[in-house]
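Structure first, then comments.
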Amino acid sequence: MFRIPNKLPFASLLPSFEGDLYFDESPEHTAQRILYATDASVYQEMPIAVALPKSVADIKKLLRFAQQHSIGLIPRAAGTSLAGQVVGSGIVVDISKYFGGIPEINVAERWVRVQPGVIRDDLNAFLKPHGLLFGPETSTASRAMIGGMIGNNSCGLHSIIWGTTRDHLLEVRAVLSDGAEVTFGPLTQEQFDAKCKGENVVSPSNNDCTFNSATGSQNQAFVNTSARATQANRHPTEYRLCARCDVEFF
Ligand SMILES: Cc1cc2nc3c(=O)[nH]c(=O)nc-3n(C[C@H](O)[C@H](O)[C@H](O)COP(=O)(O)OP(=O)(O)OC[C@H]3O[C@@H](n4cnc5c(N)ncnc54)[C@H](O)[C@@H]3O)c2cc1C
């Protein structure tokens with residue numbers, strides 16, 4: 001399980017990194033990396049480093065560093081995933097410490113803007129006085145965070161009626177692997193057509209190739225008749241092509 005001491009120049013990040021960074025063989029850094037070598041799953045792997053970014057600028061620095069040195073980033077919220085999603089040999093990026101804000105709520109339109117480290121039950125405690133509730137209710141709701149719930153498309157006891165996390169998601173602001181900041185949200189037909197042609201794509205290297213895979217009658221027929229499309233309503237960590245086939249653009 002333990003890797004050889006890493007030789008990457010993590011110290012070069014320190015002068016401008018606002019958050020916390022653990023990467024060397026000192027007892028403090030090693031203890032932190034051992035803690036992050038596990039999540040709620042049975043898997044165990046020592047990360048080369050652990051980062052707790054404090055800002056989007058920190059996240060971009062980590063992305064640049066990872067790209068320069070060909071290592072992976074592993075975003076982590078509460079770490080309650082059961083399939084080893086937040087364990088790996090790259091840099092574990094824990095957003096639970098510094099990204100727990102709720103910057104905006106619009107009660108009339110029934111939406112709230114949250115940072116990814118907001119705990120599901122804390123969000124509902126915040127929403128309760130406004131008569132609102134975020135429905136998806138994982139068994140780990142007192143720990144699970146919105147970033148992790150989006151990553152897993154988390155659901156729970158009432159999800160068949162109340163929907164899963166993706167059913168309540170209006171838009172997501174994200175930083176792509178090349179550092180580009182994007183907002184994923186609803187598109188008009190014109191915006192969608194432009195994206196399919198590769199126009200106005202913020203980050204060409206990250207263009208969403210699945211746009212095209214859900215078009216074409218042969219592809220749609222295959223997706224619609226597959227067992228996955230007809231029998232299951234929850235598909236964590238994939239592109240849910242069957243739902244795309246229902247979108248009027250196709
Ligand atoms: C006892 C037990 C019961 C459970 N019951 C349920 C249940 O009823 N329903 C259910 O759906 N799940 C359940 N789970 C699984 C898990 O608790 C949920 O999926 C939970 O919502 C995950 O949230 P988390 O904050 O722990 O995410 P994490 O495990 O930290 O992360 C989940 C995924 O999201 C990604 N991620 C996290 N933050 C970000 C970010 N900022 N940017 C990009 N990607 C990010 C991670 O890389 C990972 O792939 C259960 C787990 C346990 C241990």
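Going through the structure tokens in order, the chains are called A, B, and so on, while each chain numbers its residues from 1 and the ligands are numbered from 1 in the order shown.
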Closest atom pairs, chain A residues within 7 Å of ligand 1, only C-alpha atoms and all ligand atoms, as CSV:
residue,atom,partner,partner_atom_place_in_ligand_line,distance
A:Ala40,CA,ligand 1,53 (C),5.2
A:Ile74,CA,ligand 1,47 (O),5.4
A:Pro75,CA,ligand 1,47 (O),4.1
A:Arg76,CA,ligand 1,30 (O),4.0
A:Ala77,CA,ligand 1,30 (O),3.4
A:Ala78,CA,ligand 1,26 (O),3.7
A:Gly79,CA,ligand 1,30 (O),3.5
A:Thr80,CA,ligand 1,26 (O),3.5
A:Ser81,CA,ligand 1,29 (O),3.7
A:Leu82,CA,ligand 1,15 (C),5.7
A:Gln85,CA,ligand 1,49 (O),4.5
A:Val86,CA,ligand 1,47 (O),5.2
A:Ile95,CA,ligand 1,41 (N),6.1
A:Pro116,CA,ligand 1,41 (N),5.1
A:Glu137,CA,ligand 1,8 (O),6.7
A:Thr138,CA,ligand 1,8 (O),3.7
A:Ser139,CA,ligand 1,5 (N),4.1
A:Thr140,CA,ligand 1,17 (O),4.9
A:Arg143,CA,ligand 1,25 (O),6.6
A:Ala144,CA,ligand 1,25 (O),3.7
A:Met145,CA,ligand 1,25 (O),3.8
A:Ile146,CA,ligand 1,25 (O),6.4
A:Gly147,CA,ligand 1,38 (N),3.9
A:Gly148,CA,ligand 1,27 (O),3.1
A:Met149,CA,ligand 1,21 (O),3.9
A:Ile150,CA,ligand 1,34 (O),6.3
A:Gly151,CA,ligand 1,34 (O),3.4
A:Asn152,CA,ligand 1,33 (C),5.0
A:Asn153,CA,ligand 1,11 (O),6.6
A:Ser154,CA,ligand 1,11 (O),3.3
A:Cys155,CA,ligand 1,11 (O),3.9
A:Gly156,CA,ligand 1,8 (O),4.2
A:Leu157,CA,ligand 1,8 (O),6.6
| query | Mind checking DSSP for segment 6-199 of chain A and telling me the alpha helix (DSSP H) residues as an MDAnalysis selection string? | reply | chainID A and resid 27:35 56:68 120:127 146:152 159:162 165:168 189:196
| For Gly185 of chain A, which residue among A:Lys60, A:Ser41, A:Ile119, A:Arg166 is the nearest when counting only C-alpha atoms? |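 Smallest separation from Gly185 of chain A among the options: A:Arg166.
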| said: List the spatial neighbours of segment 43-55 of chain A as a PyMOL selection string - criterion: any atom at most 7 Å away, only C-alpha atoms, same-chain residues fewer than 2 positions off excluded. | reply: chain A and resi 1-3+6+18-23+33-34+37-38+41+57-59+84+87-95+97-98
